[in-house]
>>> print(open('model28.cif').read())   # mmCIF, C-alpha atoms
data_run
#
loop_
_atom_site.label_atom_id
_atom_site.label_comp_id
_atom_site.auth_asym_id
_atom_site.auth_seq_id
_atom_site.Cartn_x
_atom_site.Cartn_y
_atom_site.Cartn_z
CA PRO Q 65 0.00 0.00 0.00
CA PHE Q 66 1.00 3.63 -0.47
CA ALA Q 67 2.95 5.15 2.42
CA PRO Q 68 4.20 8.76 2.66
CA GLY Q 69 7.80 9.70 3.37
CA GLY Q 70 10.12 10.86 0.62
CA GLU Q 71 13.39 10.87 2.53
CA VAL Q 72 14.79 8.24 4.91
CA ALA Q 73 17.82 7.39 6.99
CA GLY Q 74 18.67 3.89 8.09
CA ILE Q 75 20.92 0.88 7.87
CA VAL Q 76 21.41 -1.09 4.66
CA ASP Q 77 19.74 -4.49 5.09
CA SER Q 78 20.54 -5.92 1.67
CA ILE Q 79 22.14 -4.93 -1.61
CA GLY Q 80 20.73 -5.34 -5.09
CA GLU Q 81 22.59 -7.08 -7.89
CA GLY Q 82 25.38 -4.96 -9.39
CA VAL Q 83 25.29 -2.29 -6.67
CA GLU Q 84 28.73 -0.99 -5.74
CA GLY Q 85 29.90 1.41 -3.06
CA PHE Q 86 27.54 0.21 -0.34
CA ALA Q 87 27.61 -2.71 2.09
CA VAL Q 88 25.11 -4.34 4.44
CA GLY Q 89 25.28 -2.44 7.71
CA ASP Q 90 26.13 0.96 6.15
CA ARG Q 91 24.33 3.97 7.60
CA VAL Q 92 22.68 5.83 4.71
CA ILE Q 93 20.34 8.63 3.75
CA GLY Q 94 17.99 7.80 0.90
CA LEU Q 95 15.59 9.67 -1.33
CA CYS Q 96 12.68 7.37 -2.10
CA GLY Q 97 9.90 9.70 -3.26
CA ASN Q 98 7.35 7.86 -1.10
CA GLY Q 99 7.20 4.83 1.13
CA GLY Q 100 9.70 6.15 3.65
CA LEU Q 101 7.29 5.78 6.56
CA THR Q 102 7.34 1.99 6.36
CA GLU Q 103 9.49 -0.54 8.21
CA LYS Q 104 11.67 -1.19 5.16
CA VAL Q 105 11.99 0.54 1.82
CA ALA Q 106 13.95 -0.18 -1.35
CA VAL Q 107 15.92 2.81 -2.61
CA ALA Q 108 17.93 3.05 -5.82
CA ALA Q 109 21.67 3.19 -5.14
CA PHE Q 110 22.02 6.53 -6.99
CA ASN Q 111 19.56 8.02 -4.45
CA CYS Q 112 21.56 6.82 -1.42
CA PHE Q 113 24.30 8.68 0.39
CA LYS Q 114 26.50 7.46 3.21
CA MET Q 115 25.69 9.08 6.53
CA PRO Q 116 28.32 10.00 9.14
CA ASP Q 117 28.48 7.67 12.14
CA ASP Q 118 27.77 10.49 14.60
CA MET Q 119 24.70 11.83 12.75
CA PRO Q 120 21.36 10.91 14.36
CA PHE Q 121 18.94 9.14 12.02
CA ALA Q 122 16.31 11.86 12.54
CA ASP Q 123 18.77 14.49 11.29
CA GLY Q 124 19.77 12.33 8.32
CA ALA Q 125 16.15 11.74 7.35
CA SER Q 126 15.50 15.49 7.15
CA LEU Q 127 18.76 16.71 5.62
CA LEU Q 128 18.69 16.43 1.84
CA MET Q 129 15.32 17.96 0.94
CA THR Q 130 15.52 20.66 3.60
CA TYR Q 131 19.05 21.85 2.94
CA GLY Q 132 18.80 21.08 -0.76
CA THR Q 133 15.77 23.37 -1.00
CA SER Q 134 17.58 26.20 0.75
CA ALA Q 135 20.84 25.76 -1.15
CA HIS Q 136 18.94 25.80 -4.46
CA ALA Q 137 16.84 28.80 -3.46
CA LEU Q 138 19.66 30.93 -2.05
CA LYS Q 139 22.34 30.12 -4.61
CA ASP Q 140 20.59 29.05 -7.83
CA ARG Q 141 17.60 31.39 -7.64
CA GLY Q 142 18.70 34.13 -5.21
CA HIS Q 143 22.27 34.29 -6.52
CA MET Q 144 23.36 34.96 -2.95
CA LYS Q 145 26.80 36.45 -2.46
CA GLU Q 146 28.92 37.22 0.55
CA GLY Q 147 27.61 40.24 2.45
CA ASP Q 148 23.99 39.84 1.31
CA SER Q 149 21.24 40.49 3.82
CA VAL Q 150 18.55 37.77 3.96
CA LEU Q 151 15.12 37.97 5.60
CA VAL Q 152 13.86 34.46 6.37
CA LEU Q 153 10.12 34.30 7.04
CA GLY Q 154 9.21 31.19 9.03
CA GLY Q 155 12.71 31.16 10.50
CA ALA Q 156 12.03 28.46 13.13
CA GLY Q 157 10.86 25.67 10.81
CA GLY Q 158 13.14 23.12 9.16
CA ILE Q 159 13.41 25.04 5.90
CA GLY Q 160 13.80 28.34 7.74
CA ILE Q 161 16.58 27.00 9.96
CA SER Q 162 18.40 25.59 6.94
CA ALA Q 163 18.08 28.98 5.19
CA ILE Q 164 19.52 30.78 8.21
CA GLU Q 165 22.42 28.35 8.56
CA LEU Q 166 23.25 28.40 4.85
CA ALA Q 167 22.92 32.19 4.56
CA LYS Q 168 25.45 32.48 7.38
CA ALA Q 169 27.71 29.84 5.80
CA TYR Q 170 27.60 31.80 2.51
CA GLY Q 171 28.79 34.92 4.37
CA GLY Q 172 25.49 36.73 4.65
CA ARG Q 173 23.46 38.42 7.36
CA ALA Q 174 20.35 36.42 8.31
CA ILE Q 175 17.29 38.01 9.93
CA ALA Q 176 14.56 35.57 10.97
CA GLY Q 177 10.86 36.40 11.00
CA VAL Q 178 8.86 34.23 13.43
CA SER Q 179 5.49 34.27 15.20
CA SER Q 180 6.52 33.78 18.85
CA GLU Q 181 9.35 34.35 21.29
CA ALA Q 182 9.82 30.57 21.63
CA LYS Q 183 10.38 30.38 17.87
CA ALA Q 184 12.67 33.41 18.06
CA GLN Q 185 14.92 31.46 20.40
CA ILE Q 186 15.07 28.57 17.93
CA ALA Q 187 16.09 30.98 15.16
CA ARG Q 188 18.75 32.58 17.37
CA GLU Q 189 20.17 29.13 18.18
CA ALA Q 190 20.34 28.44 14.43
CA GLY Q 191 22.55 31.52 14.06
CA ALA Q 192 20.16 34.32 13.07
CA ASP Q 193 21.82 37.72 13.42
CA ASP Q 194 18.53 39.23 14.51
CA VAL Q 195 14.90 38.18 14.91
CA ILE Q 196 11.53 39.81 14.22
CA VAL Q 197 8.51 38.47 16.10
CA TYR Q 198 5.55 39.34 13.90
CA PRO Q 199 1.84 39.13 14.86
CA TYR Q 200 -0.58 36.55 13.52
CA GLN Q 201 -2.52 37.36 10.35
CA PRO Q 202 -4.96 38.46 9.00
CA PHE Q 203 -3.75 42.05 8.70
CA ASP Q 204 -5.75 45.13 7.84
CA LYS Q 205 -3.98 47.91 5.92
CA ASP Q 206 -2.56 49.55 9.06
CA GLN Q 207 -1.33 46.24 10.49
CA SER Q 208 0.31 45.37 7.18
CA LYS Q 209 2.15 48.71 7.23
CA ALA Q 210 3.22 48.11 10.84
CA VAL Q 211 4.67 44.70 9.95
CA ALA Q 212 6.44 46.26 6.96
CA GLU Q 213 8.01 48.80 9.34
CA MET Q 214 9.21 45.96 11.59
CA PHE Q 215 10.90 44.34 8.58
CA LYS Q 216 12.37 47.66 7.36
CA GLU Q 217 13.78 48.50 10.78
CA LYS Q 218 15.86 45.30 10.92
CA GLY Q 219 16.73 45.45 7.22
CA GLY Q 220 18.39 48.84 7.45
CA LYS Q 221 18.28 51.64 4.92
CA ASP Q 222 19.29 49.39 2.01
CA GLY Q 223 16.79 46.61 2.74
CA TYR Q 224 17.19 42.88 2.15
CA ASN Q 225 19.01 41.49 -0.86
CA ILE Q 226 16.99 38.29 -0.53
CA ILE Q 227 13.62 37.62 1.04
CA TYR Q 228 13.18 33.89 1.66
CA ASP Q 229 9.43 33.45 2.17
CA THR Q 230 8.32 30.10 3.55
CA VAL Q 231 5.05 31.53 4.94
CA GLY Q 232 3.12 33.54 2.32
CA GLY Q 233 -0.28 34.97 3.18
CA ASP Q 234 -0.40 38.46 4.65
CA TYR Q 235 3.34 38.36 5.45
CA SER Q 236 4.60 38.52 1.87
CA GLU Q 237 3.56 42.06 0.96
CA PRO Q 238 5.11 43.68 4.07
CA ALA Q 239 8.29 41.73 3.39
CA VAL Q 240 8.45 42.92 -0.22
CA ARG Q 241 8.18 46.49 1.07
CA SER Q 242 11.56 45.96 2.77
CA ILE Q 243 13.42 44.54 -0.23
CA ALA Q 244 16.65 46.09 -1.51
CA TRP Q 245 17.04 47.55 -4.99
CA GLU Q 246 17.25 44.58 -7.37
CA GLY Q 247 16.59 42.24 -4.46
CA LYS Q 248 15.16 38.77 -4.94
CA PHE Q 249 11.87 37.54 -3.47
CA LEU Q 250 11.94 33.75 -3.16
CA VAL Q 251 8.56 32.05 -2.78
CA VAL Q 252 9.48 28.81 -1.00
CA GLY Q 253 6.14 27.96 0.63
CA PHE Q 254 2.80 29.44 1.59
CA PRO Q 255 1.15 27.66 4.54
CA ALA Q 256 -0.46 31.01 5.48
CA GLY Q 257 -1.98 31.23 1.98
CA ILE Q 258 -1.01 32.51 -1.46
CA ALA Q 259 0.23 36.10 -1.27
CA LYS Q 260 -1.84 38.75 -3.02
#
>>> encode(input="model28.cif", output="structure tokens")
Amino acid sequence: PFAPGGEVAGIVDSIGEGVEGFAVGDRVIGLCGNGGLTEKVAVAAFNCFKMPDDMPFADGASLLMTYGTSAHALKDRGHMKEGDSVLVLGGAGGIGISAIELAKAYGGRAIAGVSSEAKAQIAREAGADDVIVYPYQPFDKDQSKAVAEMFKEKGGKDGYNIIYDTVGGDYSEPAVRSIAWEGKFLVVGFPAGIAK
């Protein structure tokens, strides 16, 4: 039967004919598309990667898609360069944390937007240079302007070179109001709804 789960981490139980580079007992991360939330899953060798011995399985099972998404967004789409300022909306989720960590690794300044002080602490622990705790939507016109001012204050006079939006909804427009000249707005997700 169908089972969800597109990314897994585990121990190789058996090897298919002609497979090289892996052995029974190896710790691996695998991209399977679906079926990962089962007891056992078959994964093509070209979709498997050896996992360090000290990496917890939970971290391995959430690494490739999360960090791959952020690496692709920041580098391939955002053309991030050293010194860029990045506003990460949804900065306490898996994708947001990966965006913060990678923005810092690429030599940028990462500002996290989150919806609570508890989430702000998570973003700080991930390395965010600063954090904005925004209110819950929906926003009327005045609230939208107030949120835009929060973003602008932390973005400085030049604004953000990249806005990494994992939230959408009423948060997108205020974020765009704080973008730098020729900045990039990356739509990564929209659990709060499609932006207007």
>>> residues_around(input="model28.cif", residues="stretch 179-183 of chain Q", least_positions_apart="6", cutoff="12 Å", atoms="all atoms listed in the file", output="compact mmCIF listing (two decimals) with C-alpha atoms, keeping the file's coordinate frame")
# COMPACT_ATOMS: atom_id res chain seq x y z
CA LEU Q 153 10.12 34.30 7.04
CA GLY Q 154 9.21 31.19 9.03
CA GLY Q 155 12.71 31.16 10.50
CA ALA Q 156 12.03 28.46 13.13
CA GLY Q 157 10.86 25.67 10.81
CA GLY Q 158 13.14 23.12 9.16
CA GLY Q 160 13.80 28.34 7.74
CA ILE Q 161 16.58 27.00 9.96
CA GLU Q 189 20.17 29.13 18.18
CA ALA Q 190 20.34 28.44 14.43
CA ALA Q 192 20.16 34.32 13.07
CA VAL Q 195 14.90 38.18 14.91
CA ILE Q 196 11.53 39.81 14.22
CA VAL Q 197 8.51 38.47 16.10
CA TYR Q 198 5.55 39.34 13.90
CA PRO Q 199 1.84 39.13 14.86
CA TYR Q 200 -0.58 36.55 13.52
CA GLN Q 201 -2.52 37.36 10.35
CA VAL Q 211 4.67 44.70 9.95
CA VAL Q 231 5.05 31.53 4.94
CA TYR Q 235 3.34 38.36 5.45
CA ALA Q 256 -0.46 31.01 5.48
>>> residues_around(input="model28.cif", residues="Q:Val152", least_positions_apart="2", cutoff="9 Å", atoms="only C-alpha atoms", output="list in words")
Val150, Gly154, Gly155, Gly160, Ile161, Ala163, Ile164, Ala174, Ile175, Ala176, Gly177, Val178, Ile226, Ile227, Tyr228, Asp229 and Thr230 of chain Q
>>> residues_around(input="model28.cif", residues="Q:Val88", least_positions_apart="2", cutoff="9 Å", atoms="all atoms listed in the file", output="CSV table (one decimal) with C-alpha atoms, in the coordinates of the input")
chain,number,residue,atom,x,y,z
Q,75,ILE,CA,20.9,0.9,7.9
Q,76,VAL,CA,21.4,-1.1,4.7
Q,77,ASP,CA,19.7,-4.5,5.1
Q,78,SER,CA,20.5,-5.9,1.7
Q,79,ILE,CA,22.1,-4.9,-1.6
Q,86,PHE,CA,27.5,0.2,-0.3
Q,90,ASP,CA,26.1,1.0,6.2
Q,91,ARG,CA,24.3,4.0,7.6
>>> resolve_selection(input="model28.cif", expression="the PyMOL selection byres ((chain Q and resi 85) around 10)", output="count of residues only")
8
>>> resolve_selection(input="model28.cif", expression="the PyMOL selection byres ((chain Q and resi 72) around 12)", output="number ranges by chain")
Q: 68-71, 73-76, 91-107, 111-115, 120-129
>>> atom_distance(input="model28.cif", atom1="atom CA of Q:Gly247", atom2="atom CA of Q:Lys260")
18.8 Å
>>> closest_residue(input="model28.cif", among="Q:Lys216, Q:Asp234, Q:Asp117, Q:Asn225", to="Q:Lys145", atoms="all atoms listed in the file")
Q:Asn225
>>> residues_around(input="model28.cif", residues="Q:Phe215", least_positions_apart="4", cutoff="9 Å", atoms="only C-alpha atoms", output="list of chain:residue names")
Q:Leu151, Q:Gly177, Q:Ile196, Q:Ala210, Q:Val211, Q:Gly219, Q:Gly220, Q:Gly223, Q:Pro238, Q:Ala239, Q:Arg241, Q:Ser242
>>> closest_residue(input="model28.cif", among="Q:Gly89, Q:Gly233, Q:Gly191, Q:Gly142", to="Q:Phe203", atoms="only C-alpha atoms")
Q:Gly233
>>> atom_distance(input="model28.cif", atom1="atom CA of Q:Asp193", atom2="atom CA of Q:Ala167")
10.5 Å
>>> decode(input="model28.cif", residues="stretch 105-123 of chain Q", atoms="N, CA and C atoms", output="compact mmCIF listing (two decimals), in the first residue's frame")
# COMPACT_ATOMS: atom_id res chain seq x y z
N VAL Q 105 12.26 -0.05 3.12
CA VAL Q 105 11.99 0.54 1.82
C VAL Q 105 13.19 0.26 0.91
N ALA Q 106 12.90 0.00 -0.35
CA ALA Q 106 13.95 -0.18 -1.35
C ALA Q 106 14.23 1.17 -1.99
N VAL Q 107 15.51 1.53 -2.04
CA VAL Q 107 15.92 2.81 -2.61
C VAL Q 107 17.02 2.56 -3.64
N ALA Q 108 16.92 3.20 -4.79
CA ALA Q 108 17.93 3.05 -5.82
C ALA Q 108 19.28 3.54 -5.29
N ALA Q 109 20.33 2.86 -5.64
CA ALA Q 109 21.67 3.19 -5.14
C ALA Q 109 22.05 4.64 -5.46
N PHE Q 110 21.65 5.15 -6.63
CA PHE Q 110 22.02 6.53 -6.99
C PHE Q 110 21.28 7.56 -6.14
N ASN Q 111 20.28 7.13 -5.37
CA ASN Q 111 19.56 8.02 -4.45
C ASN Q 111 19.96 7.79 -3.00
N CYS Q 112 21.06 7.08 -2.78
CA CYS Q 112 21.56 6.82 -1.42
C CYS Q 112 22.89 7.52 -1.20
N PHE Q 113 23.08 7.98 0.02
CA PHE Q 113 24.30 8.68 0.39
C PHE Q 113 24.73 8.19 1.76
N LYS Q 114 26.01 7.92 1.91
CA LYS Q 114 26.50 7.46 3.21
C LYS Q 114 26.34 8.57 4.24
N MET Q 115 25.97 8.15 5.45
CA MET Q 115 25.69 9.08 6.53
C MET Q 115 26.80 8.95 7.59
N PRO Q 116 27.29 10.08 8.10
CA PRO Q 116 28.32 10.00 9.14
C PRO Q 116 27.85 9.20 10.35
N ASP Q 117 28.80 8.50 10.99
CA ASP Q 117 28.48 7.67 12.14
C ASP Q 117 27.87 8.45 13.31
N ASP Q 118 28.26 9.71 13.46
CA ASP Q 118 27.77 10.49 14.60
C ASP Q 118 26.48 11.27 14.31
N MET Q 119 25.94 11.13 13.10
CA MET Q 119 24.70 11.83 12.75
C MET Q 119 23.50 11.01 13.20
N PRO Q 120 22.59 11.63 13.97
CA PRO Q 120 21.36 10.91 14.36
C PRO Q 120 20.50 10.62 13.12
N PHE Q 121 19.79 9.51 13.16
CA PHE Q 121 18.94 9.14 12.02
C PHE Q 121 17.88 10.21 11.73
N ALA Q 122 17.32 10.82 12.76
CA ALA Q 122 16.31 11.86 12.54
C ALA Q 122 16.89 13.03 11.75
N ASP Q 123 18.13 13.41 12.04
CA ASP Q 123 18.77 14.49 11.29
C ASP Q 123 19.03 14.06 9.85
